Amino acid sequence: MSRTLCTLLLGVGLAASVAAQEFPSQPIKMIIPYAPGGGSDILARPVAQDMQEKLKQPVVVDNRGGAGGNVGAQVVAKAAPDGYTLLVANNSHTINPFIYKEPGYDMATDFAPVSVLATSPAILVVPERSPAKTLDDLVALAKKKAGSLNFGSPGVGTPGHLASVLFNKQAGIEATHIAYKGTGPTTIAVLAGEIDYAFLTPAAVEPHVKSGKLRALAVTSRERFPAFATVPTVAGSKLPGMNDFEVEIWWGVLAPAKTDPKTLDKLNAAITESVRDPKMQQRWLAQGMVPKATTRAEFAALIKSDIAKYQKVVRENNITAE
């Protein structure tokens, strides 16, 4: 090999190394695959602002809603693996590949996990005028009026929908699913009594539970949820087959697959520091979200677990969004 070629190759290698060490050297785009105002938006915007102070580069939030979060996910899956295009994902992205014929991405192979931002249980609520005062009451009512009760969700394949399907199956009840376009419309529907029950986020139902317009019957976490400390868990009920019931909603940041591990580590460090900030934690806890920064490996394990769990639920119940 000639000296000139060796020098050239060495120069290329050094340039690549310096480039990796200097990340970030340009603005970072954080894509939220939903319209502004939702849980992903609430979490991502303050984190983006904090990250740009830590990384000394602008972190721009870009809302790319559509197809249940698939449109934004497709953009990141196809982006250059350089750490400059990130996705704020949630459970729906582990579910969508099984309910859409062409989601446009593979959750297991197209992304590199960076960190979880926060988690939350779902809250099972009924309207104020519902005769069901407890979880047992609701199950007994559903069995007495087999097939006549309605349950709502923010959309086909959302965590709220899958939580309901799991609950109905394990409780041995039949009810009709009504899918709405988001958490807001679903909350309005259960308030109005259009649906008999729904699994919704704490942030969506907390003011209505406090006012008495909604009744919280159970939470889907393994342990009682501090923001709803008096509400029992589904798993803690005496209903047969419910002792292992758990549905955790999560939000996290993903990068394109094959992104340099050093870049991922730098992003993880910035996010972790941001999530652990006391002011950030206080803000999210007040909105019913539990701050939870993780290692990249922990987030990867969570995604793998959810894919296995929800693939089984979708296939056994023939759930499709198309």
# chains A, B, ... in the order shown; residues from 1 in each chain; ligands from 1
$ residues_around --residues "segment 282-296 of chain A" --least-positions-apart "5" --cutoff "7 Å" --atoms "only C-alpha atoms" --output "ChimeraX atom specification"
/A:113-120,202-203,227,272,275
$ write_last_selection --atoms "N, CA and C atoms" --output "PDB file, in the first residue's frame"
ATOM      1  N   PRO A 113     -32.640   2.296  20.878  1.00  0.00           N
ATOM      2  CA  PRO A 113     -33.193   2.919  22.080  1.00  0.00           C
ATOM      3  C   PRO A 113     -32.185   3.862  22.738  1.00  0.00           C
ATOM      4  N   VAL A 114     -32.663   5.024  23.178  1.00  0.00           N
ATOM      5  CA  VAL A 114     -31.814   5.985  23.878  1.00  0.00           C
ATOM      6  C   VAL A 114     -32.150   5.990  25.367  1.00  0.00           C
ATOM      7  N   SER A 115     -33.395   6.339  25.705  1.00  0.00           N
ATOM      8  CA  SER A 115     -33.823   6.314  27.106  1.00  0.00           C
ATOM      9  C   SER A 115     -35.331   6.460  27.198  1.00  0.00           C
ATOM     10  N   VAL A 116     -35.904   5.861  28.206  1.00  0.00           N
ATOM     11  CA  VAL A 116     -37.299   6.138  28.570  1.00  0.00           C
ATOM     12  C   VAL A 116     -37.330   7.526  29.193  1.00  0.00           C
ATOM     13  N   LEU A 117     -38.433   8.248  28.987  1.00  0.00           N
ATOM     14  CA  LEU A 117     -38.620   9.550  29.621  1.00  0.00           C
ATOM     15  C   LEU A 117     -39.497   9.431  30.865  1.00  0.00           C
ATOM     16  N   ALA A 118     -40.622   8.735  30.709  1.00  0.00           N
ATOM     17  CA  ALA A 118     -41.577   8.624  31.811  1.00  0.00           C
ATOM     18  C   ALA A 118     -42.495   7.435  31.579  1.00  0.00           C
ATOM     19  N   THR A 119     -43.148   7.020  32.642  1.00  0.00           N
ATOM     20  CA  THR A 119     -44.127   5.942  32.551  1.00  0.00           C
ATOM     21  C   THR A 119     -45.403   6.362  33.274  1.00  0.00           C
ATOM     22  N   SER A 120     -46.442   5.592  33.052  1.00  0.00           N
ATOM     23  CA  SER A 120     -47.708   5.878  33.715  1.00  0.00           C
ATOM     24  C   SER A 120     -48.591   4.644  33.636  1.00  0.00           C
ATOM     25  N   PRO A 202     -53.730   9.015  33.747  1.00  0.00           N
ATOM     26  CA  PRO A 202     -54.041   9.791  34.951  1.00  0.00           C
ATOM     27  C   PRO A 202     -54.258  11.269  34.668  1.00  0.00           C
ATOM     28  N   ALA A 203     -53.431  11.834  33.790  1.00  0.00           N
ATOM     29  CA  ALA A 203     -53.554  13.260  33.484  1.00  0.00           C
ATOM     30  C   ALA A 203     -54.921  13.598  32.897  1.00  0.00           C
ATOM     31  N   ALA A 227     -50.520   9.128  42.787  1.00  0.00           N
ATOM     32  CA  ALA A 227     -51.490  10.169  42.453  1.00  0.00           C
ATOM     33  C   ALA A 227     -52.935   9.697  42.655  1.00  0.00           C
ATOM     34  N   THR A 272     -30.972  11.774  30.655  1.00  0.00           N
ATOM     35  CA  THR A 272     -31.009  11.326  32.052  1.00  0.00           C
ATOM     36  C   THR A 272     -30.887  12.496  33.015  1.00  0.00           C
ATOM     37  N   VAL A 275     -34.226  14.451  32.891  1.00  0.00           N
ATOM     38  CA  VAL A 275     -35.348  13.766  33.543  1.00  0.00           C
ATOM     39  C   VAL A 275     -35.198  13.765  35.059  1.00  0.00           C
TER      40      VAL A 275
END
$ select_by_dssp --residues "segment 96-170 of chain A" --states "helix (DSSP H, G or I)" --output "VMD selection string"
chain A and resid 96 to 99 135 to 144 159 to 170
$ residues_around --residues "Gly83 of chain A" --least-positions-apart "3" --cutoff "10 Å" --atoms "only C-alpha atoms" --output "PyMOL selection string"
chain A and resi 23-24+28-29+79-80+86+112+254-264+266-267
$ closest_residue --among "A:Pro278, A:Gly241, A:Pro46, A:Gly236" --to "Thr220 of chain A" --atoms "only C-alpha atoms"
A:Gly236
$ atom_distance --atom1 "atom CA of Asn268 of chain A" --atom2 "atom CA of Gly37 of chain A"
24.4 Å
$ closest_residue --among "A:Val209, A:Leu217, A:Val231, A:Ala171" --to "Lys143 of chain A" --atoms "only C-alpha atoms"
A:Ala171
$ atom_distance --atom1 "atom CA of Ser237 of chain A" --atom2 "atom CA of Pro185 of chain A"
28.9 Å
